[in-house]
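The data block below is target13.tsv; it holds TSV, C-alpha atoms.
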```tsv
chain	number	residue	atom	x	y	z
A	1	MET	CA	0.00	0.00	0.00
A	2	SER	CA	1.50	3.33	-1.05
A	3	THR	CA	1.80	6.29	1.23
A	4	SER	CA	1.56	9.96	0.35
A	5	PRO	CA	4.93	11.44	-0.62
A	6	GLU	CA	6.59	13.74	1.87
A	7	TYR	CA	8.12	15.78	-0.96
A	8	ASP	CA	7.37	16.75	-4.50
A	9	VAL	CA	11.02	16.30	-5.51
A	10	ILE	CA	14.03	14.59	-3.97
A	11	VAL	CA	17.34	15.68	-5.48
A	12	VAL	CA	20.20	13.24	-4.96
A	13	GLY	CA	23.39	15.31	-5.02
A	14	ALA	CA	23.56	18.89	-3.78
A	15	ARG	CA	26.34	20.34	-5.89
A	16	CYS	CA	25.87	22.72	-8.80
A	17	ALA	CA	23.41	20.65	-10.88
A	18	GLY	CA	21.41	19.43	-7.90
A	19	ALA	CA	21.40	22.66	-5.92
A	20	ALA	CA	20.36	24.67	-8.99
A	21	SER	CA	17.52	22.24	-9.73
A	22	ALA	CA	16.37	22.32	-6.10
A	23	MET	CA	16.54	26.12	-5.95
A	24	LEU	CA	14.46	26.59	-9.09
A	25	LEU	CA	11.79	24.09	-8.05
A	26	ALA	CA	11.57	25.37	-4.48
A	27	ARG	CA	11.11	28.91	-5.79
A	28	GLN	CA	8.05	27.66	-7.65
A	29	GLY	CA	6.52	26.44	-4.42
A	30	HIS	CA	7.41	22.76	-4.57
A	31	ARG	CA	8.50	20.72	-1.56
A	32	VAL	CA	12.11	19.82	-2.28
A	33	LEU	CA	14.61	17.67	-0.40
A	34	MET	CA	18.30	17.62	-1.32
A	35	ILE	CA	20.49	14.81	0.00
A	36	ASP	CA	24.25	14.40	-0.29
A	37	HIS	CA	26.84	12.13	1.30
A	38	ALA	CA	29.12	15.16	1.80
A	39	ARG	CA	28.87	17.88	4.41
A	40	PHE	CA	29.07	21.43	3.14
A	41	PRO	CA	30.98	23.59	2.43
A	42	SER	CA	32.75	20.89	0.42
A	43	ASP	CA	35.27	21.17	-2.39
A	44	VAL	CA	35.55	19.28	-5.68
A	45	ARG	CA	39.12	18.41	-6.55
A	46	LEU	CA	38.58	17.27	-10.15
A	47	SER	CA	37.32	20.57	-11.54
A	48	THR	CA	38.97	23.35	-13.49
A	49	HIS	CA	36.05	25.63	-12.47
A	50	LEU	CA	35.38	27.45	-15.72
A	51	LEU	CA	31.81	28.67	-16.07
A	52	TRP	CA	31.24	29.90	-19.59
A	53	HIS	CA	29.15	32.89	-20.62
A	54	SER	CA	25.82	31.11	-20.95
A	55	GLY	CA	26.30	29.69	-17.45
A	56	VAL	CA	27.10	33.09	-15.97
A	57	ASP	CA	24.04	34.45	-17.77
A	58	LEU	CA	21.93	31.80	-16.02
A	59	LEU	CA	23.28	32.87	-12.62
A	60	ALA	CA	22.27	36.42	-13.49
A	61	LYS	CA	18.82	35.25	-14.62
A	62	TRP	CA	18.38	33.38	-11.34
A	63	GLY	CA	19.48	36.36	-9.25
A	64	VAL	CA	22.49	34.64	-7.65
A	65	LEU	CA	25.32	36.22	-9.64
A	66	ASP	CA	25.79	39.06	-7.17
A	67	ALA	CA	26.30	36.53	-4.38
A	68	LEU	CA	29.06	34.90	-6.42
A	69	ARG	CA	30.60	38.26	-7.28
A	70	ALA	CA	30.67	39.11	-3.56
A	71	THR	CA	33.06	36.19	-3.00
A	72	GLY	CA	35.71	37.97	-5.05
A	73	CYS	CA	35.56	35.70	-8.08
A	74	PRO	CA	36.93	37.64	-11.07
A	75	GLU	CA	34.98	38.08	-14.28
A	76	LEU	CA	36.82	36.90	-17.39
A	77	THR	CA	36.21	39.05	-20.45
A	78	ARG	CA	39.25	38.54	-22.71
A	79	PHE	CA	40.03	35.31	-24.57
A	80	LYS	CA	43.05	34.29	-26.60
A	81	LEU	CA	43.63	31.21	-28.73
A	82	ASP	CA	47.28	30.90	-29.77
A	83	MET	CA	47.86	28.35	-32.54
A	84	GLY	CA	51.51	29.20	-33.08
A	85	GLU	CA	51.55	31.22	-36.29
A	86	LEU	CA	47.99	32.45	-35.78
A	87	VAL	CA	46.53	34.08	-32.66
A	88	LEU	CA	42.81	34.76	-32.32
A	89	ARG	CA	41.43	37.17	-29.72
A	90	GLY	CA	37.78	37.74	-29.03
A	91	ALA	CA	34.77	36.92	-26.86
A	92	PRO	CA	31.48	35.08	-27.37
A	93	PRO	CA	28.66	37.23	-28.77
A	94	ASP	CA	25.09	37.59	-27.55
A	95	THR	CA	25.64	37.37	-23.81
A	96	ARG	CA	23.76	39.08	-21.01
A	97	VAL	CA	26.71	39.56	-18.63
A	98	GLY	CA	29.53	39.46	-21.18
A	99	ALA	CA	31.89	37.41	-19.04
A	100	ALA	CA	32.91	33.95	-17.96
A	101	MET	CA	33.97	33.10	-14.39
A	102	ALA	CA	35.98	30.31	-12.78
A	103	PRO	CA	34.74	29.99	-9.18
A	104	ARG	CA	36.19	27.41	-6.85
A	105	ARG	CA	33.60	24.70	-6.40
A	106	ILE	CA	33.58	25.05	-2.62
A	107	VAL	CA	32.28	28.57	-3.29
A	108	LEU	CA	29.93	28.08	-6.26
A	109	ASP	CA	28.22	25.00	-4.86
A	110	GLN	CA	27.66	26.75	-1.53
A	111	VAL	CA	26.20	29.84	-3.21
A	112	LEU	CA	23.66	27.63	-4.98
A	113	ILE	CA	22.93	25.55	-1.86
A	114	ASP	CA	22.31	28.72	0.14
A	115	ALA	CA	19.96	30.01	-2.58
A	116	ALA	CA	18.10	26.68	-2.61
A	117	ARG	CA	17.67	26.71	1.16
A	118	ASP	CA	16.59	30.35	1.08
A	119	ALA	CA	13.90	29.27	-1.39
A	120	GLY	CA	12.64	26.63	1.04
A	121	ALA	CA	14.48	23.49	-0.07
A	122	GLU	CA	15.60	21.15	2.70
A	123	LEU	CA	19.16	19.77	2.80
A	124	ARG	CA	20.09	16.50	4.50
A	125	GLU	CA	23.86	16.00	4.60
A	126	GLY	CA	25.72	12.79	5.30
A	127	VAL	CA	23.13	10.61	3.53
A	128	MET	CA	24.45	7.75	1.41
A	129	LEU	CA	21.95	6.60	-1.21
A	130	GLU	CA	21.50	2.83	-1.37
A	131	ASP	CA	18.54	2.43	-3.71
A	132	VAL	CA	15.44	4.05	-5.09
A	133	LEU	CA	11.99	3.00	-3.93
A	134	GLN	CA	9.73	1.71	-6.69
A	135	GLU	CA	6.06	0.82	-6.89
A	136	GLY	CA	4.52	-0.62	-10.03
A	137	GLY	CA	7.61	0.21	-12.07
A	138	ARG	CA	7.64	3.83	-10.92
A	139	VAL	CA	10.23	5.52	-8.71
A	140	VAL	CA	8.53	6.88	-5.61
A	141	GLY	CA	11.42	7.73	-3.28
A	142	ILE	CA	14.83	6.77	-1.96
A	143	GLN	CA	16.41	4.75	0.78
A	144	GLY	CA	19.88	5.06	2.23
A	145	ARG	CA	21.90	5.37	5.39
A	146	LEU	CA	23.04	8.25	7.57
A	147	ASP	CA	26.58	8.77	8.83
A	148	ASP	CA	25.82	6.78	11.97
A	149	GLY	CA	24.57	3.80	9.95
A	150	SER	CA	20.89	4.32	10.71
A	151	PRO	CA	18.45	3.87	7.81
A	152	PHE	CA	17.00	6.84	5.95
A	153	GLU	CA	13.96	6.80	3.70
A	154	ALA	CA	11.96	9.53	1.96
A	155	ARG	CA	9.25	9.56	-0.68
A	156	ALA	CA	8.53	12.00	-3.50
A	157	ARG	CA	6.67	12.33	-6.79
A	158	ILE	CA	9.98	12.51	-8.63
A	159	VAL	CA	13.61	11.67	-7.80
A	160	VAL	CA	16.32	13.67	-9.59
A	161	GLY	CA	19.76	12.11	-9.86
A	162	ALA	CA	22.36	14.87	-9.71
A	163	ASP	CA	25.01	12.55	-8.35
A	164	GLY	CA	27.73	12.80	-10.97
A	165	THR	CA	29.36	10.67	-13.63
A	166	HIS	CA	29.15	7.51	-11.53
A	167	SER	CA	25.49	8.18	-10.63
A	168	ARG	CA	23.98	5.60	-8.31
A	169	VAL	CA	20.52	6.84	-9.26
A	170	ALA	CA	21.29	6.02	-12.90
A	171	ARG	CA	22.38	2.52	-11.91
A	172	CYS	CA	19.33	1.96	-9.72
A	173	VAL	CA	16.91	2.85	-12.54
A	174	ALA	CA	19.03	1.08	-15.20
A	175	ALA	CA	19.26	4.21	-17.35
A	176	GLU	CA	20.45	3.36	-20.84
A	177	SER	CA	23.76	4.82	-22.07
A	178	TYR	CA	24.65	6.06	-25.55
A	179	HIS	CA	27.35	8.08	-27.33
A	180	THR	CA	29.82	6.59	-24.85
A	181	PHE	CA	33.61	6.82	-25.11
A	182	PRO	CA	36.29	5.31	-22.84
A	183	LYS	CA	38.72	7.69	-21.17
A	184	GLU	CA	41.48	6.52	-23.50
A	185	ALA	CA	39.50	8.01	-26.40
A	186	GLY	CA	39.36	11.41	-24.71
A	187	ALA	CA	41.80	13.85	-23.16
A	188	PHE	CA	44.10	13.53	-20.15
A	189	ASN	CA	44.38	16.66	-18.04
A	190	THR	CA	47.20	17.77	-15.71
A	191	PHE	CA	46.76	21.02	-13.78
A	192	SER	CA	47.38	22.91	-10.59
A	193	TYR	CA	46.88	26.34	-8.99
A	194	PHE	CA	49.43	29.14	-9.13
A	195	SER	CA	49.69	32.54	-7.47
A	196	GLY	CA	51.76	35.52	-8.52
A	197	ILE	CA	51.21	35.13	-12.25
A	198	ALA	CA	49.82	37.71	-14.67
A	199	LEU	CA	47.57	36.38	-17.44
A	200	ASP	CA	46.42	37.90	-20.71
A	201	GLY	CA	42.78	37.12	-19.96
A	202	VAL	CA	41.85	33.49	-20.60
A	203	GLU	CA	44.74	31.90	-22.49
A	204	PHE	CA	44.55	28.84	-24.72
A	205	TYR	CA	47.48	27.43	-26.69
A	206	SER	CA	46.89	24.79	-29.34
A	207	ARG	CA	49.96	22.70	-30.14
A	208	PRO	CA	50.49	19.29	-31.79
A	209	GLU	CA	48.63	16.76	-29.60
A	210	ARG	CA	48.50	19.27	-26.74
A	211	MET	CA	46.28	22.06	-25.41
A	212	VAL	CA	47.50	24.49	-22.76
A	213	TYR	CA	45.07	26.64	-20.77
A	214	ALA	CA	45.22	29.27	-18.04
A	215	TRP	CA	42.58	31.37	-16.28
A	216	GLU	CA	41.99	33.16	-12.97
A	217	THR	CA	39.97	31.73	-10.11
A	218	HIS	CA	39.51	32.82	-6.47
A	219	ASP	CA	42.14	34.20	-4.09
A	220	GLY	CA	44.45	35.66	-6.72
A	221	GLN	CA	45.20	32.20	-8.08
A	222	ALA	CA	45.14	30.81	-11.60
A	223	VAL	CA	44.29	27.35	-12.89
A	224	ILE	CA	46.93	26.31	-15.42
A	225	GLY	CA	47.11	22.96	-17.16
A	226	ILE	CA	48.16	20.84	-20.11
A	227	ILE	CA	45.79	18.50	-21.94
A	228	GLN	CA	47.11	15.57	-23.97
A	229	PRO	CA	45.47	12.57	-25.66
A	230	GLY	CA	44.10	9.96	-23.29
A	231	HIS	CA	46.30	7.28	-24.84
A	232	ALA	CA	49.53	9.25	-24.29
A	233	PRO	CA	52.14	7.77	-21.91
A	234	ARG	CA	51.92	8.85	-18.26
A	235	VAL	CA	54.71	9.93	-15.96
A	236	GLY	CA	55.05	9.06	-12.27
A	237	ARG	CA	53.76	11.52	-9.68
A	238	ASP	CA	57.29	12.48	-8.66
A	239	GLU	CA	58.01	13.39	-12.30
A	240	ILE	CA	54.92	15.51	-13.00
A	241	GLU	CA	56.45	18.89	-12.24
A	242	GLN	CA	59.55	18.33	-14.33
A	243	ASP	CA	57.51	16.93	-17.20
A	244	PHE	CA	54.94	19.74	-16.98
A	245	MET	CA	57.54	22.49	-17.03
A	246	GLY	CA	59.53	20.77	-19.76
A	247	GLN	CA	56.47	20.56	-22.00
A	248	MET	CA	55.46	24.11	-21.17
A	249	THR	CA	58.93	25.45	-21.99
A	250	ALA	CA	58.95	23.68	-25.33
A	251	MET	CA	55.42	24.72	-26.31
A	252	VAL	CA	54.78	28.11	-24.70
A	253	PRO	CA	58.07	29.60	-23.46
A	254	ASP	CA	56.49	32.91	-22.45
A	255	LEU	CA	53.95	31.22	-20.17
A	256	ALA	CA	56.68	28.90	-18.86
A	257	GLN	CA	58.76	31.92	-17.89
A	258	ARG	CA	55.83	33.43	-16.03
A	259	LEU	CA	55.22	30.12	-14.27
A	260	ARG	CA	58.82	29.91	-13.07
A	261	ALA	CA	58.31	33.25	-11.31
A	262	ALA	CA	54.99	32.11	-9.80
A	263	ARG	CA	54.21	29.88	-6.83
A	264	ARG	CA	52.36	26.58	-7.06
A	265	GLU	CA	49.70	26.54	-4.33
A	266	ALA	CA	48.35	22.97	-4.50
A	267	ASP	CA	49.19	19.43	-5.46
A	268	TRP	CA	49.04	18.39	-9.09
A	269	VAL	CA	45.72	17.05	-10.32
A	270	THR	CA	45.61	14.49	-13.13
A	271	VAL	CA	42.36	13.27	-14.61
A	272	GLY	CA	40.90	11.50	-17.60
A	273	VAL	CA	37.23	10.52	-17.78
A	274	GLY	CA	35.01	8.27	-19.81
A	275	THR	CA	32.20	10.25	-21.39
A	276	GLY	CA	28.69	9.67	-22.65
A	277	CYS	CA	24.99	10.31	-22.37
A	278	ARG	CA	22.38	8.51	-20.32
A	279	GLN	CA	18.65	8.18	-20.73
A	280	ALA	CA	17.37	11.46	-19.34
A	281	SER	CA	14.21	10.36	-17.53
A	282	GLY	CA	11.69	7.64	-16.82
A	283	PRO	CA	8.64	7.06	-14.61
A	284	GLY	CA	9.25	9.17	-11.52
A	285	TRP	CA	12.92	9.97	-12.18
A	286	ALA	CA	15.30	12.19	-14.13
A	287	LEU	CA	19.06	12.77	-14.38
A	288	VAL	CA	20.82	16.14	-14.50
A	289	GLY	CA	24.42	17.34	-14.76
A	290	ASP	CA	27.17	14.74	-15.19
A	291	ALA	CA	24.73	12.05	-14.11
A	292	GLY	CA	22.95	12.59	-17.42
A	293	VAL	CA	25.70	13.79	-19.77
A	294	THR	CA	29.43	13.66	-19.06
A	295	VAL	CA	31.44	15.67	-21.59
A	296	ASP	CA	35.19	15.55	-22.12
A	297	PRO	CA	36.82	18.29	-20.04
A	298	ILE	CA	38.76	19.71	-23.00
A	299	THR	CA	36.00	22.29	-23.55
A	300	ALA	CA	35.67	23.01	-19.79
A	301	ALA	CA	31.90	22.87	-20.24
A	302	GLY	CA	30.80	20.63	-17.37
A	303	ILE	CA	29.50	23.30	-14.98
A	304	THR	CA	27.85	25.29	-17.76
A	305	ASN	CA	26.14	22.13	-19.02
A	306	ALA	CA	24.94	21.29	-15.51
A	307	LEU	CA	23.30	24.68	-15.00
A	308	ARG	CA	21.75	24.66	-18.47
A	309	ASP	CA	20.18	21.23	-17.98
A	310	ALA	CA	19.01	22.11	-14.45
A	311	ASP	CA	17.19	25.11	-15.88
A	312	LEU	CA	15.45	22.97	-18.49
A	313	LEU	CA	14.60	20.13	-16.11
A	314	ALA	CA	13.14	22.49	-13.49
A	315	GLU	CA	10.93	24.10	-16.13
A	316	LEU	CA	9.53	20.75	-17.26
A	317	VAL	CA	9.15	19.26	-13.78
A	318	HIS	CA	7.25	22.35	-12.69
A	319	GLU	CA	4.87	21.95	-15.64
A	320	GLY	CA	4.15	18.41	-14.49
A	321	LEU	CA	3.90	19.10	-10.77
A	322	SER	CA	1.72	22.16	-11.22
A	323	GLY	CA	-0.81	20.30	-13.37
A	324	GLN	CA	-0.14	22.20	-16.57
A	325	ARG	CA	0.20	18.77	-18.16
A	326	PRO	CA	0.84	15.20	-16.98
A	327	LEU	CA	4.16	14.78	-15.19
A	328	ASP	CA	5.19	11.82	-17.35
A	329	ALA	CA	4.53	13.81	-20.52
A	330	ALA	CA	6.63	16.70	-19.23
A	331	LEU	CA	9.47	14.35	-18.26
A	332	ALA	CA	9.31	12.66	-21.67
A	333	ASP	CA	10.16	16.02	-23.30
A	334	TYR	CA	13.30	16.42	-21.20
A	335	GLY	CA	15.51	13.94	-23.05
A	336	PRO	CA	14.90	15.19	-26.61
A	337	ARG	CA	15.21	18.82	-25.58
A	338	ARG	CA	18.33	18.19	-23.52
A	339	ASP	CA	19.98	16.15	-26.25
A	340	ALA	CA	19.25	18.68	-28.99
A	341	THR	CA	21.82	20.90	-27.29
A	342	ALA	CA	23.91	18.49	-25.26
A	343	VAL	CA	24.72	15.81	-27.82
A	344	PRO	CA	26.28	18.12	-30.48
A	345	LEU	CA	28.39	19.78	-27.77
A	346	HIS	CA	29.40	16.38	-26.38
A	347	LEU	CA	30.46	15.09	-29.81
A	348	PHE	CA	32.25	18.37	-30.59
A	349	ALA	CA	34.24	18.05	-27.36
A	350	GLN	CA	35.00	14.40	-28.04
A	351	GLU	CA	36.36	15.25	-31.48
A	352	MET	CA	38.51	18.04	-29.99
A	353	ALA	CA	39.76	15.63	-27.33
A	354	LYS	CA	41.50	13.52	-29.97
A	355	LEU	CA	43.93	16.43	-30.39
A	356	SER	CA	44.49	15.20	-33.94
A	357	PRO	CA	46.54	17.23	-36.43
A	358	PRO	CA	44.21	19.65	-38.23
A	359	THR	CA	43.16	18.82	-41.76
A	360	GLU	CA	43.91	21.15	-44.66
A	361	GLU	CA	40.27	22.25	-44.57
A	362	VAL	CA	40.46	23.15	-40.88
A	363	ILE	CA	43.74	25.01	-41.38
A	364	GLY	CA	42.17	26.94	-44.24
A	365	LEU	CA	39.17	27.86	-42.08
A	366	PHE	CA	41.31	29.20	-39.24
A	367	VAL	CA	43.53	31.16	-41.62
A	368	ALA	CA	40.38	32.65	-43.12
A	369	LEU	CA	39.16	33.67	-39.67
A	370	ALA	CA	42.12	36.02	-39.17
A	371	GLY	CA	40.87	39.61	-39.22
A	372	ASN	CA	37.19	38.58	-39.29
A	373	GLN	CA	36.34	39.64	-35.75
A	374	SER	CA	32.65	38.84	-35.82
A	375	GLN	CA	33.36	35.26	-36.90
A	376	ILE	CA	36.24	34.94	-34.41
A	377	ASP	CA	33.79	35.93	-31.69
A	378	ARG	CA	31.33	33.35	-33.01
A	379	TYR	CA	34.04	30.69	-32.79
A	380	PHE	CA	34.61	31.57	-29.14
A	381	GLY	CA	30.82	31.40	-28.83
A	382	LEU	CA	31.05	27.65	-29.48
A	383	PHE	CA	32.67	27.32	-26.06
A	384	GLY	CA	30.65	30.05	-24.39
A	385	GLN	CA	27.55	28.19	-25.67
A	386	THR	CA	26.08	31.23	-27.36
A	387	VAL	CA	26.69	29.73	-30.83
A	388	THR	CA	25.89	26.11	-31.69
A	389	PRO	CA	28.32	23.81	-33.54
A	390	SER	CA	25.72	23.30	-36.27
A	391	ALA	CA	25.42	27.06	-36.80
A	392	PHE	CA	29.14	27.79	-36.89
A	393	PHE	CA	30.11	24.79	-39.02
A	394	ASP	CA	27.10	25.12	-41.28
A	395	PRO	CA	28.43	24.95	-44.88
A	396	ALA	CA	26.90	28.34	-45.63
A	397	ASN	CA	28.71	29.95	-42.69
A	398	VAL	CA	32.01	28.26	-43.55
A	399	GLU	CA	31.63	29.45	-47.14
A	400	ALA	CA	30.94	33.00	-45.90
A	401	ILE	CA	34.13	32.94	-43.80
A	402	LEU	CA	36.22	31.70	-46.73
A	403	LYS	CA	34.71	34.22	-49.16
A	404	ALA	CA	35.27	37.13	-46.76
A	405	ALA	CA	38.95	36.20	-46.57
A	406	GLN	CA	39.48	36.18	-50.34
A	407	PRO	CA	39.67	39.98	-50.89
A	408	ALA	CA	42.26	40.29	-48.10
A	409	ALA	CA	44.30	37.46	-49.61
A	410	MET	CA	44.19	39.04	-53.06
A	411	ALA	CA	45.24	42.41	-51.65
A	412	ASN	CA	48.33	40.80	-50.14
```
Will you turn the file into structure tokens for me?
Amino acid sequence: MSTSPEYDVIVVGARCAGAASAMLLARQGHRVLMIDHARFPSDVRLSTHLLWHSGVDLLAKWGVLDALRATGCPELTRFKLDMGELVLRGAPPDTRVGAAMAPRRIVLDQVLIDAARDAGAELREGVMLEDVLQEGGRVVGIQGRLDDGSPFEARARIVVGADGTHSRVARCVAAESYHTFPKEAGAFNTFSYFSGIALDGVEFYSRPERMVYAWETHDGQAVIGIIQPGHAPRVGRDEIEQDFMGQMTAMVPDLAQRLRAARREADWVTVGVGTGCRQASGPGWALVGDAGVTVDPITAAGITNALRDADLLAELVHEGLSGQRPLDAALADYGPRRDATAVPLHLFAQEMAKLSPPTEEVIGLFVALAGNQSQIDRYFGLFGQTVTPSAFFDPANVEAILKAAQPAAMAN
């Protein structure tokens, strides 16, 4: 015999995807419970923190950007892509705030948790999910254990899994996977935090089978790293610094010189991840953030993706909970709408993660971009998520870029 749910929504995972979802649903008057095995404030070690323009715009839309600004997180407005003989500078078009940010996760997640609690969402920390409750093939709640080992159970009309790449919710509901790639097919990232270094905005350096990046985060520090193919040989932990600086000196001597004058403030982080998409929803459940779509970190899009999908999911769940239409019908729209944006960005990142030598066609396109500022900005918009891959790489747009470059080439 079923019992009435205590909550409208239970969100498993209270970091950026989960806290944002909980905040938005609680603001619309729904009874929301967030659970997490961590106790907050809590950091995330495997994150390079970048929140692209469309993500910052969402924080502004939700009214929480000022709270993040108050933590001293710098706004990033200048972007440089150095490809050796060609350097592109610009910024994504069509943004509300006109900036990216790279907040430490211990800060960003807490800002969103605080906003969710202010909206009326409840947070239970130190809860380890064991399984979902099901009745008649429908998810109706969760069961788990508290820190002290005692059982915990709660019921809701919908359970949202916001519990990361290795989502237990996804396993419990047997969510199907697709567009999956092993970590060896993606990128391998080595980074750390440095103080006392001046940057020229957000810096990217594209080199053969390597990508170097650098941007500012909290406390006067910068995140600086090297990305290489996932199949590349690894070095031992005691060799990372020497290898990192050796590669940096060979590829980007100017940045290497600045690094030698800086101070490393944390241990080295190395990470490679398998990527892919999971079924977005089913009877009484949905997945958001990395639980639903894990994208290769080469485009630094994970946080932006999480906020974007939380915004969409909250809109659809509210339609179902408020009676605007059946909840199952609203949830059924989530997957197609999510994937229309998420899948092209996922596949774009996966292709970039190969770090393959550019084809003659790609070289020609980048050469043609030189001096075409509006199209350079649109290229940066691919990462800022203000321009879609299909729009930028549309044959008509590529042809327009190449044609615009012809008069300049003839003049030279």
Considering only C-alpha atoms, return as a VMD selection string whatever protein or nucleic-acid residues lie within 12 Å of Asp311 (chain A), sequence-local ones (same chain, fewer than 3 positions apart) excluded. chain A and resid 16 to 25 54 to 55 57 to 59 61 to 62 288 to 289 304 to 308 314 to 318 334 337 to 338
Just want the 9 Å neighbourhood of Arg264 (chain A), counted on all atoms listed in the file, with same-chain residues fewer than 3 positions away dropped. Output as a list in words.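 Result of the neighbour search: Ser192, Tyr193, Phe194, Ser195, Leu259 and Asp267 of chain A.
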Within 6 Å of Arg138 (chain A) using all atoms listed in the file, minus same-chain residues under 3 positions, as a PDB file with C-alpha atoms, in the frame of the given file:
```
ATOM      1  CA  GLN A 134       9.730   1.710  -6.690  1.00  0.00           C
ATOM      2  CA  GLU A 135       6.060   0.820  -6.890  1.00  0.00           C
ATOM      3  CA  PRO A 283       8.640   7.060 -14.610  1.00  0.00           C
ATOM      4  CA  GLY A 284       9.250   9.170 -11.520  1.00  0.00           C
TER       5      GLY A 284
END
```
Using all atoms listed in the file, which protein or nucleic acid residues come within 8 Å of region 34-38 of chain A? Drop anything in the same chain fewer than 3 positions from it, and give the result as number ranges by chain. A: 10-14, 18-19, 22, 42, 121-129
Counting all atoms listed in the file, closest pick from A:Pro92, A:Trp285, A:Val223, A:Ala70 relative to Leu382 (chain A) is A:Pro92
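If you count all atoms listed in the file and ignore residues fewer than 2 places along the chain from Gln143 (chain A), what sits within 12 Å of it is Ile10, Val12, Ile35, Val127, Met128, Leu129, Glu130, Asp131, Val132, Leu133, Gln134, Val139, Val140, Gly141, Arg145, Leu146, Ser150, Pro151, Phe152, Glu153, Ala154, Arg155, Ala156, Val159, Arg168, Val169 and Cys172 of chain A.
Atom pair CA of Val9 (chain A) / CA of Ala26 (chain A) has a distance of 9.1 Å (rounded to one decimal).
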Interatomic distance between CA of Leu327 (chain A) and CA of Ser167 (chain A)? 22.8 Å
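Nearest to Pro182 (chain A) of all the residues A:Arg278, A:Gly201, A:Thr294, A:Arg104 is A:Thr294, based on only C-alpha atoms.
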With all atoms listed in the file as the basis for distance, which of A:Phe40, A:Phe204, A:Tyr7, A:Trp268 is at the shortest distance from Glu239 (chain A)?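 The closest residue to Glu239 (chain A) is A:Trp268.
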